file target24.tsv (TSV, C-alpha atoms and all ligand atoms)
chain	number	residue	atom	x	y	z
S	277	MET	CA	27.09	2.84	18.79
S	278	ALA	CA	27.43	-0.17	16.57
S	279	SER	CA	28.14	-1.03	12.96
S	280	VAL	CA	25.16	-2.70	11.30
S	281	GLY	CA	24.72	-4.38	7.93
S	282	PHE	CA	21.22	-4.00	6.43
S	283	ILE	CA	20.03	-6.12	3.51
S	284	GLY	CA	16.65	-5.55	1.83
S	285	LEU	CA	15.80	-1.85	1.54
S	286	GLY	CA	12.21	-2.02	0.31
S	287	ASN	CA	9.03	-0.44	1.67
S	288	MET	CA	9.79	-1.70	5.18
S	289	GLY	CA	13.56	-2.11	5.19
S	290	ALA	CA	14.39	1.44	4.06
S	291	PRO	CA	12.58	3.25	6.90
S	292	MET	CA	13.79	0.67	9.45
S	293	MET	CA	17.34	1.27	8.31
S	294	ARG	CA	16.85	5.04	8.58
S	295	ASN	CA	15.77	4.62	12.22
S	296	LEU	CA	18.98	2.71	12.96
S	297	ILE	CA	20.96	5.61	11.48
S	298	LYS	CA	18.90	8.08	13.55
S	299	ALA	CA	19.81	6.07	16.66
S	300	GLY	CA	23.48	6.69	15.83
S	301	HIS	CA	24.49	3.37	14.25
S	302	ALA	CA	26.79	3.18	11.24
S	303	VAL	CA	24.94	1.22	8.56
S	304	LYS	CA	26.31	-0.67	5.54
S	305	ALA	CA	23.32	-1.14	3.24
S	306	PHE	CA	22.63	-3.49	0.35
S	307	ASP	CA	19.67	-4.16	-1.95
S	308	LEU	CA	19.54	-5.67	-5.43
S	309	ALA	CA	17.89	-2.47	-6.67
S	310	ASP	CA	20.21	0.44	-7.56
S	311	THR	CA	17.54	2.97	-6.61
S	312	ALA	CA	17.25	1.50	-3.11
S	313	ARG	CA	21.03	1.62	-2.62
S	314	LYS	CA	21.14	5.22	-3.82
S	315	ALA	CA	18.33	6.22	-1.43
S	316	ALA	CA	20.20	4.48	1.43
S	317	ALA	CA	23.35	6.47	0.65
S	318	ASP	CA	21.29	9.68	0.58
S	319	ALA	CA	19.95	8.74	4.03
S	320	GLY	CA	23.47	8.46	5.44
S	321	ALA	CA	24.29	4.76	5.00
S	322	THR	CA	27.34	3.36	3.25
S	323	ALA	CA	25.84	1.65	0.22
S	324	VAL	CA	27.75	-1.50	-0.76
S	325	THR	CA	27.49	-3.55	-3.94
S	326	THR	CA	27.19	-7.08	-2.53
S	327	ALA	CA	25.29	-8.59	0.40
S	328	ARG	CA	28.55	-10.16	1.63
S	329	GLU	CA	30.17	-6.74	1.98
S	330	ALA	CA	27.30	-5.59	4.18
S	331	ALA	CA	28.01	-8.50	6.56
S	332	GLN	CA	31.76	-7.93	6.82
S	333	GLY	CA	33.23	-5.86	9.66
S	334	VAL	CA	29.87	-5.33	11.34
S	335	GLU	CA	28.47	-6.49	14.69
S	336	VAL	CA	24.89	-6.97	13.56
S	337	VAL	CA	23.21	-7.89	10.26
S	338	VAL	CA	19.52	-7.16	9.65
S	339	THR	CA	17.66	-8.78	6.74
S	340	MET	CA	14.25	-7.57	5.50
S	341	LEU	CA	13.50	-9.68	2.43
S	342	PRO	CA	10.35	-10.92	0.65
S	343	ALA	CA	10.27	-14.65	1.54
S	344	GLY	CA	12.07	-17.71	2.93
S	345	ALA	CA	13.78	-18.52	-0.37
S	346	HIS	CA	15.43	-15.07	-0.42
S	347	VAL	CA	16.60	-15.36	3.17
S	348	LYS	CA	18.09	-18.82	2.50
S	349	SER	CA	19.79	-17.78	-0.71
S	350	VAL	CA	21.36	-14.71	0.92
S	351	THR	CA	22.53	-16.37	4.15
S	352	LEU	CA	23.50	-19.97	3.28
S	353	GLY	CA	26.31	-21.57	1.31
S	354	GLU	CA	29.88	-20.59	0.58
S	355	GLY	CA	28.86	-17.26	-0.92
S	356	GLY	CA	26.35	-16.51	1.85
S	357	LEU	CA	26.34	-14.09	4.75
S	358	PHE	CA	27.01	-16.71	7.43
S	359	ALA	CA	30.30	-17.59	5.72
S	360	ALA	CA	31.21	-13.93	5.13
S	361	ALA	CA	30.54	-12.60	8.65
S	362	ALA	CA	32.97	-12.78	11.57
S	363	LYS	CA	32.11	-15.48	14.14
S	364	GLY	CA	29.75	-14.16	16.80
S	365	THR	CA	27.91	-11.77	14.49
S	366	LEU	CA	24.27	-11.21	15.49
S	367	PHE	CA	21.73	-11.85	12.70
S	368	ILE	CA	18.24	-10.35	12.91
S	369	ASP	CA	15.85	-11.56	10.22
S	370	SER	CA	12.76	-9.36	10.20
S	371	SER	CA	11.30	-10.75	6.96
S	372	THR	CA	8.00	-12.64	7.25
S	373	ILE	CA	8.94	-16.18	6.20
S	374	ASP	CA	7.81	-19.76	6.77
S	375	VAL	CA	8.54	-21.28	10.16
S	376	ALA	CA	10.48	-24.23	8.68
S	377	SER	CA	12.89	-21.96	6.77
S	378	ALA	CA	13.33	-19.72	9.83
S	379	ARG	CA	14.30	-22.75	11.95
S	380	ALA	CA	16.59	-24.19	9.26
S	381	VAL	CA	18.41	-20.87	8.82
S	382	ALA	CA	18.74	-20.37	12.60
S	383	ASP	CA	20.29	-23.84	12.82
S	384	GLU	CA	22.89	-22.96	10.17
S	385	ALA	CA	23.66	-19.65	11.88
S	386	ALA	CA	24.38	-21.49	15.14
S	387	LYS	CA	26.59	-24.02	13.31
S	388	ALA	CA	28.58	-21.13	11.82
S	389	GLY	CA	29.10	-19.67	15.33
S	390	HIS	CA	26.64	-16.77	15.00
S	391	LEU	CA	23.71	-15.64	17.10
S	392	MET	CA	20.37	-15.31	15.30
S	393	ILE	CA	16.78	-14.29	15.95
S	394	ASP	CA	13.73	-14.31	13.70
S	395	ALA	CA	11.98	-10.99	14.37
S	396	PRO	CA	9.06	-10.44	12.01
S	397	VAL	CA	7.08	-7.26	12.50
S	398	SER	CA	3.60	-5.87	12.49
S	399	GLY	CA	2.72	-2.21	12.08
S	400	GLY	CA	3.24	-1.79	8.33
S	401	VAL	CA	5.10	0.98	6.52
S	402	GLY	CA	3.65	3.64	8.87
S	403	GLY	CA	5.03	1.78	11.89
S	404	ALA	CA	8.39	1.28	10.17
S	405	GLU	CA	8.64	5.02	9.46
S	406	ALA	CA	7.53	6.07	12.95
S	407	GLY	CA	9.75	3.49	14.67
S	408	THR	CA	6.71	1.98	16.38
S	409	LEU	CA	6.78	-1.56	14.96
S	410	THR	CA	5.90	-4.60	17.03
S	411	PHE	CA	8.66	-7.24	16.90
S	412	MET	CA	7.78	-10.89	17.56
S	413	VAL	CA	11.03	-12.61	18.37
S	414	GLY	CA	12.15	-16.22	18.25
S	415	GLY	CA	15.63	-17.31	19.31
S	416	PRO	CA	17.91	-18.02	22.25
S	417	ASP	CA	18.01	-15.66	25.27
S	418	PRO	CA	21.54	-14.29	24.62
S	419	ALA	CA	20.62	-13.41	21.03
S	420	PHE	CA	17.43	-11.69	22.17
S	421	ALA	CA	19.30	-9.71	24.83
S	422	ARG	CA	21.88	-8.49	22.31
S	423	ALA	CA	19.24	-7.65	19.70
S	424	LYS	CA	16.89	-5.74	21.99
S	425	PRO	CA	18.55	-2.29	21.79
S	426	PHE	CA	18.57	-2.51	17.97
S	427	LEU	CA	14.92	-3.57	17.86
S	428	GLU	CA	14.09	-0.68	20.21
S	429	ALA	CA	15.54	1.75	17.67
S	430	MET	CA	13.01	0.47	15.10
S	431	GLY	CA	10.00	-0.51	17.19
S	432	LYS	CA	7.96	0.09	20.30
S	433	THR	CA	6.72	-3.34	21.40
S	434	ILE	CA	9.20	-6.20	21.54
S	435	VAL	CA	8.08	-9.64	22.67
S	436	HIS	CA	10.30	-12.69	23.04
S	437	ALA	CA	8.03	-15.52	21.90
S	438	GLY	CA	10.41	-18.44	22.55
S	439	GLY	CA	13.00	-20.41	20.59
S	440	PRO	CA	13.94	-20.20	16.89
S	441	GLY	CA	10.96	-19.80	14.55
S	442	ASN	CA	8.55	-18.76	17.32
S	443	GLY	CA	8.53	-15.15	16.12
S	444	GLN	CA	7.30	-16.35	12.72
S	445	ALA	CA	4.81	-18.69	14.43
S	446	ALA	CA	3.37	-15.76	16.41
S	447	LYS	CA	3.15	-13.60	13.29
S	448	ILE	CA	1.22	-16.13	11.20
S	449	CYS	CA	-1.11	-17.16	14.03
S	450	ASN	CA	-1.99	-13.50	14.61
S	451	ASN	CA	-2.45	-12.71	10.93
S	452	MET	CA	-4.51	-15.83	10.27
S	453	LEU	CA	-6.87	-14.71	13.04
S	454	LEU	CA	-6.91	-11.19	11.55
S	455	GLY	CA	-7.77	-12.48	8.05
S	456	ILE	CA	-10.59	-14.64	9.40
S	457	SER	CA	-11.96	-11.86	11.63
S	458	MET	CA	-11.89	-9.34	8.76
S	459	ILE	CA	-13.89	-11.68	6.54
S	460	GLY	CA	-16.36	-12.28	9.39
S	461	THR	CA	-16.71	-8.53	9.97
S	462	CYS	CA	-17.26	-7.91	6.24
S	463	GLU	CA	-19.91	-10.64	6.11
S	464	ALA	CA	-21.75	-9.07	9.06
S	465	PHE	CA	-21.77	-5.59	7.46
S	466	ALA	CA	-22.79	-6.99	4.04
S	467	LEU	CA	-25.62	-8.97	5.64
S	468	ALA	CA	-26.76	-5.87	7.55
S	469	GLU	CA	-27.00	-3.94	4.25
S	470	LYS	CA	-29.25	-6.65	2.75
S	471	LEU	CA	-31.42	-6.66	5.89
S	472	GLY	CA	-31.86	-2.88	5.82
S	473	LEU	CA	-29.78	-2.31	8.97
S	474	ASP	CA	-27.71	0.87	8.89
S	475	ALA	CA	-23.91	0.28	9.09
S	476	GLN	CA	-23.46	2.90	11.82
S	477	LYS	CA	-26.20	1.28	13.90
S	478	LEU	CA	-24.59	-2.16	13.52
S	479	PHE	CA	-21.26	-0.63	14.52
S	480	ASP	CA	-22.73	1.15	17.58
S	481	ILE	CA	-24.23	-2.13	18.78
S	482	ALA	CA	-21.63	-4.74	17.77
S	483	SER	CA	-18.61	-2.66	18.82
S	484	LYS	CA	-20.02	-2.77	22.38
S	485	SER	CA	-21.23	-6.37	22.18
S	486	SER	CA	-19.72	-9.83	21.85
S	487	GLY	CA	-18.97	-9.41	18.12
S	488	GLN	CA	-16.43	-6.66	18.89
S	489	CYS	CA	-12.97	-7.15	17.34
S	490	TRP	CA	-10.05	-5.09	15.95
S	491	SER	CA	-11.23	-5.56	12.34
S	492	MET	CA	-14.40	-3.71	13.32
S	493	THR	CA	-13.27	-1.10	15.84
S	494	THR	CA	-9.96	-0.04	14.25
S	495	TYR	CA	-10.25	-1.12	10.64
S	496	CYS	CA	-14.01	-1.04	9.99
S	497	PRO	CA	-14.55	-2.28	6.39
S	498	VAL	CA	-17.31	0.24	5.57
S	499	PRO	CA	-16.82	4.02	5.38
S	500	GLY	CA	-18.12	6.11	8.27
S	501	PRO	CA	-17.94	4.46	11.68
S	502	VAL	CA	-14.10	4.57	11.97
S	503	PRO	CA	-12.93	7.62	9.98
S	504	THR	CA	-9.28	6.47	9.85
S	505	SER	CA	-10.03	3.03	8.33
S	506	PRO	CA	-9.01	2.37	4.69
S	507	ALA	CA	-12.69	2.05	3.69
S	508	ASN	CA	-12.82	5.86	3.92
S	509	ARG	CA	-10.14	6.28	1.25
S	510	ASP	CA	-11.41	3.81	-1.34
S	511	TYR	CA	-9.61	0.90	0.33
S	512	LYS	CA	-6.16	2.22	-0.45
S	513	ALA	CA	-3.74	-0.01	1.54
S	514	GLY	CA	-3.03	0.00	4.50
S	515	PHE	CA	-2.31	-3.68	4.58
S	516	ALA	CA	-2.59	-4.99	1.03
S	517	ALA	CA	-4.74	-8.06	0.33
S	518	ALA	CA	-1.71	-9.64	-1.40
S	519	MET	CA	0.25	-9.39	1.88
S	520	MET	CA	-2.62	-10.95	3.79
S	521	LEU	CA	-2.73	-13.75	1.21
S	522	LYS	CA	1.01	-14.36	1.69
S	523	ASP	CA	0.60	-14.66	5.47
S	524	LEU	CA	-2.48	-16.91	5.18
S	525	LYS	CA	-0.61	-19.24	2.82
S	526	LEU	CA	2.26	-19.41	5.32
S	527	ALA	CA	-0.24	-20.23	8.10
S	528	VAL	CA	-1.94	-22.98	6.09
S	529	GLU	CA	1.41	-24.45	5.06
S	530	ALA	CA	2.65	-24.39	8.68
S	531	ALA	CA	-0.61	-26.03	9.83
S	532	GLN	CA	-0.17	-28.81	7.28
S	533	GLY	CA	3.40	-29.41	8.47
S	534	ALA	CA	2.36	-29.42	12.14
S	535	GLY	CA	-0.84	-31.48	11.72
S	536	ALA	CA	-3.06	-28.61	12.93
S	537	SER	CA	-6.60	-28.16	11.62
S	538	VAL	CA	-7.30	-24.64	10.27
S	539	PRO	CA	-10.45	-24.89	8.12
S	540	LEU	CA	-11.29	-21.17	8.46
S	541	GLY	CA	-7.68	-20.15	7.81
S	542	ALA	CA	-7.74	-22.25	4.63
S	543	GLU	CA	-11.07	-20.72	3.56
S	544	ALA	CA	-9.73	-17.21	4.24
S	545	ALA	CA	-6.69	-18.00	2.05
S	546	GLN	CA	-9.03	-19.16	-0.76
S	547	LEU	CA	-11.10	-15.97	-0.55
S	548	TYR	CA	-8.04	-13.67	-0.58
S	549	ASN	CA	-6.68	-15.72	-3.47
S	550	LEU	CA	-9.89	-14.96	-5.40
S	551	MET	CA	-9.58	-11.26	-4.54
S	552	ALA	CA	-5.94	-11.15	-5.72
S	553	GLY	CA	-6.89	-13.18	-8.84
S	554	ALA	CA	-9.49	-10.50	-9.67
S	555	GLY	CA	-6.66	-7.94	-9.81
S	556	GLN	CA	-7.43	-6.43	-6.38
S	557	GLY	CA	-4.38	-7.66	-4.47
S	558	GLY	CA	-3.13	-4.08	-4.12
S	559	LEU	CA	-6.28	-2.94	-2.31
S	560	ASP	CA	-6.42	-2.95	1.45
S	561	PHE	CA	-7.46	-6.36	2.80
S	562	SER	CA	-10.71	-4.87	4.17
S	563	GLY	CA	-11.67	-4.32	0.50
S	564	ILE	CA	-12.70	-7.98	0.39
S	565	ILE	CA	-16.14	-6.66	1.36
S	566	HIS	CA	-16.71	-5.81	-2.36
S	567	MET	CA	-16.31	-9.46	-3.29
S	568	LEU	CA	-18.42	-10.69	-0.39
S	569	ARG	CA	-21.22	-8.36	-1.50
S	570	GLY	CA	-20.95	-9.97	-4.93
S	571	LYS	CA	-19.67	-6.70	-6.46
S	572	ALA	CA	-15.96	-7.42	-7.12
I	601	LIG	P1	9.56	-4.97	-0.64
I	601	LIG	O1	9.28	-5.85	-1.78
I	601	LIG	O2	9.17	-3.52	-0.67
I	601	LIG	O3	11.13	-5.03	-0.29
I	601	LIG	C1	11.94	-6.17	-0.42
I	601	LIG	C2	13.30	-5.69	-0.85
I	601	LIG	O4	14.20	-6.80	-0.87
I	601	LIG	C3	13.31	-5.12	-2.28
I	601	LIG	O5	13.86	-3.82	-2.26
I	601	LIG	C4	14.17	-6.11	-3.07
I	601	LIG	O6	14.93	-5.48	-4.10
I	601	LIG	C5	15.06	-6.64	-1.98
I	601	LIG	N1	15.65	-7.94	-2.29
I	601	LIG	C6	15.07	-9.05	-2.77
I	601	LIG	N2	15.97	-10.05	-2.89
I	601	LIG	C7	17.15	-9.55	-2.46
I	601	LIG	C8	18.46	-10.08	-2.34
I	601	LIG	N3	18.72	-11.33	-2.69
I	601	LIG	N4	19.43	-9.28	-1.88
I	601	LIG	C9	19.17	-7.99	-1.52
I	601	LIG	N5	17.96	-7.43	-1.62
I	601	LIG	C10	16.95	-8.20	-2.07
I	601	LIG	O7	8.87	-5.70	0.62
I	601	LIG	P2	8.50	-5.04	2.04
I	601	LIG	O8	7.12	-4.52	1.99
I	601	LIG	O9	9.63	-4.17	2.48
I	601	LIG	O10	8.45	-6.36	2.94
I	601	LIG	C11	9.62	-7.00	3.41
I	601	LIG	C12	9.19	-8.11	4.36
I	601	LIG	O11	8.44	-7.56	5.43
I	601	LIG	C13	8.32	-9.18	3.71
I	601	LIG	O12	8.69	-10.43	4.21
I	601	LIG	C14	6.90	-8.79	4.15
I	601	LIG	O13	6.03	-9.90	4.22
I	601	LIG	C15	7.18	-8.22	5.54
I	601	LIG	N6	6.18	-7.26	6.01
I	601	LIG	C16	5.73	-6.26	5.20
I	601	LIG	C17	4.78	-5.36	5.68
I	601	LIG	C18	4.26	-4.24	4.82
I	601	LIG	O14	3.29	-3.60	5.22
I	601	LIG	N7	4.89	-3.94	3.67
I	601	LIG	C19	4.30	-5.48	6.99
I	601	LIG	C20	4.82	-6.48	7.80
I	601	LIG	C21	5.75	-7.37	7.30

call {"tool": "encode", "arguments": {"input": "target24.tsv", "output": "structure tokens", "more": "lines below"}}
Ligand code: NAD
result
Amino acid sequence: MASVGFIGLGNMGAPMMRNLIKAGHAVKAFDLADTARKAAADAGATAVTTAREAAQGVEVVVTMLPAGAHVKSVTLGEGGLFAAAAKGTLFIDSSTIDVASARAVADEAAKAGHLMIDAPVSGGVGGAEAGTLTFMVGGPDPAFARAKPFLEAMGKTIVHAGGPGNGQAAKICNNMLLGISMIGTCEAFALAEKLGLDAQKLFDIASKSSGQCWSMTTYCPVPGPVPTSPANRDYKAGFAAAMMLKDLKLAVEAAQGAGASVPLGAEAAQLYNLMAGAGQGGLDFSGIIHMLRGKA
């Protein structure tokens, strides 16, 4: 079993860290929040008081932070993790961040003599707790091979998507498609209501026809047809609209940098921005149906 540093013990990081402990690893844990460090100690980790300490004397460092700026500030520079860790340490960044930052950080890790992968996840807090996350991994083959057993302790599906940054690329392409398809599904159900077509009837037909998609069959945005969807519990997240907005902004920004055309991705970002601006960013992202019905 290995010694692992874990930095960022929030909604996702804390349960991921607990699964590493369950798998028998010795974890040194750090978060800026005292409460998160205390909870980590209660779960069996050694809570440390600086990020640098979590990266010293360990074989692997996992980061699960809000955005690219946090990952850069924690890893880079004289006071950063890359300088603090022993050469050859494996870094796993599971935060969802912009592709450019992921590639820049991976470059610096290699220069410092470390191995690094970007390994963003899907599956949400439920998946993090159950250890069933999907990891989308970018990075060199030797880093992926070394990381795999650690990812398997926290997730179920692990896909190597290519070189540095490709994990983040996969994550934002998938979530951009999800945001667009959810809005499309909401529009179809809202139109059906206006046309006097029962939601269950639309579901019975469209879920077996060419309009079928995950947003409809797993996450149906109206109550009834899929009893487990957030629509049945007043759109309690689930996957918060604010998180979807973050991922759509990353997708649009990446598209601008790469010269790709994403008109529907940009429109989806605008619509989720309106939803968050109306104070509904904490609702599940399928709750955008309220706004599309004109009843925000
Ligand atoms: P969170 O806000 O609950 O947790 C982030 C943690 O990082 C906080 O505890 C915060 O105190 C800590 N932190 C911030 N800056 C730090 C620093 N410099 N040093 C140490 N700790 C620091 O967020 P989360 O929901 O756990 O999400 C983490 C990442 O996972 C994000 O990038 C998010 O986009 C991604 N993600 C989240 C979900 C989800 O459903 N919550 C799903 C998939 C991916």

call {"tool": "atom_distance", "arguments": {"input": "target24.tsv", "atom1": "atom CA of Glu469 of chain S", "atom2": "atom CA of Tyr511 of chain S"}}
result
18.5 Å

call {"tool": "closest_residue", "arguments": {"input": "target24.tsv", "among": "S:Pro416, S:Gly533, S:Gly284, S:Gly455", "to": "ligand LIG 601 (chain I)", "atoms": "only C-alpha atoms and all ligand atoms"}}
result
S:Gly284

call {"tool": "residues_around", "arguments": {"input": "target24.tsv", "residues": "segment 436-444 of chain S", "least_positions_apart": "2", "cutoff": "9 Å", "atoms": "only C-alpha atoms", "output": "ChimeraX atom specification"}}
result
/S:371-380,382-383,392-397,411-417,420,434,446-449

call {"tool": "closest_residue", "arguments": {"input": "target24.tsv", "among": "S:Ala331, S:Val502, S:Ala466, S:Met277", "to": "Lys298 of chain S", "atoms": "all atoms listed in the file"}}
result
S:Met277

call {"tool": "residues_near_ligand", "arguments": {"input": "target24.tsv", "ligand": "ligand LIG 601 (chain I)", "cutoff": "8 Å", "atoms": "all atoms listed in the file", "output": "number ranges by chain"}}
result
S: 283-290, 306-309, 312, 327, 340-343, 346-347, 349-350, 370-373, 396-401, 514-516, 519, 522-523

call {"tool": "closest_residue", "arguments": {"input": "target24.tsv", "among": "S:Gln332, S:Thr410, S:Asn451, S:Ser279", "to": "Gly541 of chain S", "atoms": "only C-alpha atoms"}}
result
S:Asn451

call {"tool": "residues_around", "arguments": {"input": "target24.tsv", "residues": "segment 473-478 of chain S", "least_positions_apart": "6", "cutoff": "9 Å", "atoms": "all atoms listed in the file", "output": "PyMOL selection string"}}
result
chain S and resi 464-467+498-501

call {"tool": "atom_distance", "arguments": {"input": "target24.tsv", "atom1": "atom CA of Cys496 of chain S", "atom2": "atom CA of Gly431 of chain S"}}
result
25.1 Å

call {"tool": "atom_distance", "arguments": {"input": "target24.tsv", "atom1": "atom CA of Thr365 of chain S", "atom2": "atom CA of Val336 of chain S"}}
result
5.7 Å

call {"tool": "residues_around", "arguments": {"input": "target24.tsv", "residues": "Ala531 of chain S", "least_positions_apart": "3", "cutoff": "12 Å", "atoms": "only C-alpha atoms", "output": "PDB file with C-alpha atoms, in the frame of the given file"}}
result
ATOM      1  CA  ASP S 374       7.810 -19.760   6.770  1.00  0.00           C
ATOM      2  CA  VAL S 375       8.540 -21.280  10.160  1.00  0.00           C
ATOM      3  CA  ALA S 376      10.480 -24.230   8.680  1.00  0.00           C
ATOM      4  CA  ALA S 445       4.810 -18.690  14.430  1.00  0.00           C
ATOM      5  CA  ILE S 448       1.220 -16.130  11.200  1.00  0.00           C
ATOM      6  CA  CYS S 449      -1.110 -17.160  14.030  1.00  0.00           C
ATOM      7  CA  MET S 452      -4.510 -15.830  10.270  1.00  0.00           C
ATOM      8  CA  LEU S 524      -2.480 -16.910   5.180  1.00  0.00           C
ATOM      9  CA  LYS S 525      -0.610 -19.240   2.820  1.00  0.00           C
ATOM     10  CA  LEU S 526       2.260 -19.410   5.320  1.00  0.00           C
ATOM     11  CA  ALA S 527      -0.240 -20.230   8.100  1.00  0.00           C
ATOM     12  CA  VAL S 528      -1.940 -22.980   6.090  1.00  0.00           C
ATOM     13  CA  ALA S 534       2.360 -29.420  12.140  1.00  0.00           C
ATOM     14  CA  GLY S 535      -0.840 -31.480  11.720  1.00  0.00           C
ATOM     15  CA  ALA S 536      -3.060 -28.610  12.930  1.00  0.00           C
ATOM     16  CA  SER S 537      -6.600 -28.160  11.620  1.00  0.00           C
ATOM     17  CA  VAL S 538      -7.300 -24.640  10.270  1.00  0.00           C
ATOM     18  CA  PRO S 539     -10.450 -24.890   8.120  1.00  0.00           C
ATOM     19  CA  LEU S 540     -11.290 -21.170   8.460  1.00  0.00           C
ATOM     20  CA  GLY S 541      -7.680 -20.150   7.810  1.00  0.00           C
ATOM     21  CA  ALA S 542      -7.740 -22.250   4.630  1.00  0.00           C
TER      22      ALA S 542
END

call {"tool": "closest_residue", "arguments": {"input": "target24.tsv", "among": "S:Val381, S:Ala544, S:Met551, S:Leu366", "to": "Thr351 of chain S", "atoms": "only C-alpha atoms"}}
result
S:Val381

call {"tool": "closest_residue", "arguments": {"input": "target24.tsv", "among": "S:Leu547, S:Ala305, S:Cys462, S:Ile368", "to": "Ser562 of chain S", "atoms": "all atoms listed in the file"}}
result
S:Cys462

call {"tool": "closest_residue", "arguments": {"input": "target24.tsv", "among": "S:Ala482, S:Leu454, S:Ala278, S:Leu471", "to": "Ala423 of chain S", "atoms": "all atoms listed in the file"}}
result
S:Ala278

call {"tool": "axis_aligned_box", "arguments": {"input": "target24.tsv", "around": "segment 353-365 of chain S", "padding_each_side": "3 Å", "output": "JSON"}}
result
{"center_x": 29.6, "center_y": -16.7, "center_z": 7.9, "size_x": 12.7, "size_y": 15.8, "size_z": 23.7}

call {"tool": "residues_around", "arguments": {"input": "target24.tsv", "residues": "Lys512 of chain S", "least_positions_apart": "3", "cutoff": "6 Å", "atoms": "only C-alpha atoms", "output": "list in words"}}
result
Pro506, Arg509, Leu559 and Asp560 of chain S

call {"tool": "residues_around", "arguments": {"input": "target24.tsv", "residues": "Ala362 of chain S", "least_positions_apart": "4", "cutoff": "9 Å", "atoms": "all atoms listed in the file", "output": "PyMOL selection string"}}
result
chain S and resi 331-335+358+389-390

call {"tool": "build_atoms", "arguments": {"input": "target24.tsv", "residues": "segment 510-521 of chain S", "atoms": "N, CA, C and O atoms", "output": "PDB file, keeping the file's coordinate frame"}}
result
ATOM      1  N   ASP S 510     -11.263   4.758  -0.228  1.00  0.00           N
ATOM      2  CA  ASP S 510     -11.410   3.810  -1.340  1.00  0.00           C
ATOM      3  C   ASP S 510     -10.546   2.573  -1.188  1.00  0.00           C
ATOM      4  O   ASP S 510     -10.056   2.022  -2.173  1.00  0.00           O
ATOM      5  N   TYR S 511     -10.340   2.149   0.032  1.00  0.00           N
ATOM      6  CA  TYR S 511      -9.610   0.900   0.330  1.00  0.00           C
ATOM      7  C   TYR S 511      -8.165   0.930  -0.156  1.00  0.00           C
ATOM      8  O   TYR S 511      -7.606  -0.095  -0.519  1.00  0.00           O
ATOM      9  N   LYS S 512      -7.592   2.140  -0.134  1.00  0.00           N
ATOM     10  CA  LYS S 512      -6.160   2.220  -0.450  1.00  0.00           C
ATOM     11  C   LYS S 512      -5.408   1.602   0.728  1.00  0.00           C
ATOM     12  O   LYS S 512      -5.653   1.954   1.878  1.00  0.00           O
ATOM     13  N   ALA S 513      -4.461   0.666   0.437  1.00  0.00           N
ATOM     14  CA  ALA S 513      -3.740  -0.010   1.540  1.00  0.00           C
ATOM     15  C   ALA S 513      -2.804   1.006   2.213  1.00  0.00           C
ATOM     16  O   ALA S 513      -2.225   1.839   1.515  1.00  0.00           O
ATOM     17  N   GLY S 514      -2.628   0.993   3.518  1.00  0.00           N
ATOM     18  CA  GLY S 514      -3.030   0.000   4.500  1.00  0.00           C
ATOM     19  C   GLY S 514      -2.197  -1.308   4.407  1.00  0.00           C
ATOM     20  O   GLY S 514      -1.005  -1.298   4.200  1.00  0.00           O
ATOM     21  N   PHE S 515      -2.892  -2.346   4.621  1.00  0.00           N
ATOM     22  CA  PHE S 515      -2.310  -3.680   4.580  1.00  0.00           C
ATOM     23  C   PHE S 515      -2.918  -4.362   3.355  1.00  0.00           C
ATOM     24  O   PHE S 515      -4.098  -4.712   3.356  1.00  0.00           O
ATOM     25  N   ALA S 516      -2.088  -4.516   2.319  1.00  0.00           N
ATOM     26  CA  ALA S 516      -2.590  -4.990   1.030  1.00  0.00           C
ATOM     27  C   ALA S 516      -3.104  -6.434   1.134  1.00  0.00           C
ATOM     28  O   ALA S 516      -2.552  -7.261   1.863  1.00  0.00           O
ATOM     29  N   ALA S 517      -4.167  -6.707   0.359  1.00  0.00           N
ATOM     30  CA  ALA S 517      -4.740  -8.060   0.330  1.00  0.00           C
ATOM     31  C   ALA S 517      -3.677  -9.090  -0.070  1.00  0.00           C
ATOM     32  O   ALA S 517      -3.673 -10.215   0.434  1.00  0.00           O
ATOM     33  N   ALA S 518      -2.754  -8.707  -0.967  1.00  0.00           N
ATOM     34  CA  ALA S 518      -1.710  -9.640  -1.400  1.00  0.00           C
ATOM     35  C   ALA S 518      -0.801 -10.040  -0.236  1.00  0.00           C
ATOM     36  O   ALA S 518      -0.341 -11.179  -0.164  1.00  0.00           O
ATOM     37  N   MET S 519      -0.560  -9.095   0.683  1.00  0.00           N
ATOM     38  CA  MET S 519       0.250  -9.390   1.880  1.00  0.00           C
ATOM     39  C   MET S 519      -0.507 -10.328   2.809  1.00  0.00           C
ATOM     40  O   MET S 519       0.063 -11.245   3.399  1.00  0.00           O
ATOM     41  N   MET S 520      -1.809 -10.058   2.958  1.00  0.00           N
ATOM     42  CA  MET S 520      -2.620 -10.950   3.790  1.00  0.00           C
ATOM     43  C   MET S 520      -2.624 -12.355   3.196  1.00  0.00           C
ATOM     44  O   MET S 520      -2.498 -13.351   3.919  1.00  0.00           O
ATOM     45  N   LEU S 521      -2.739 -12.442   1.874  1.00  0.00           N
ATOM     46  CA  LEU S 521      -2.730 -13.750   1.210  1.00  0.00           C
ATOM     47  C   LEU S 521      -1.404 -14.475   1.498  1.00  0.00           C
ATOM     48  O   LEU S 521      -1.400 -15.678   1.799  1.00  0.00           O
TER      49      LEU S 521
END
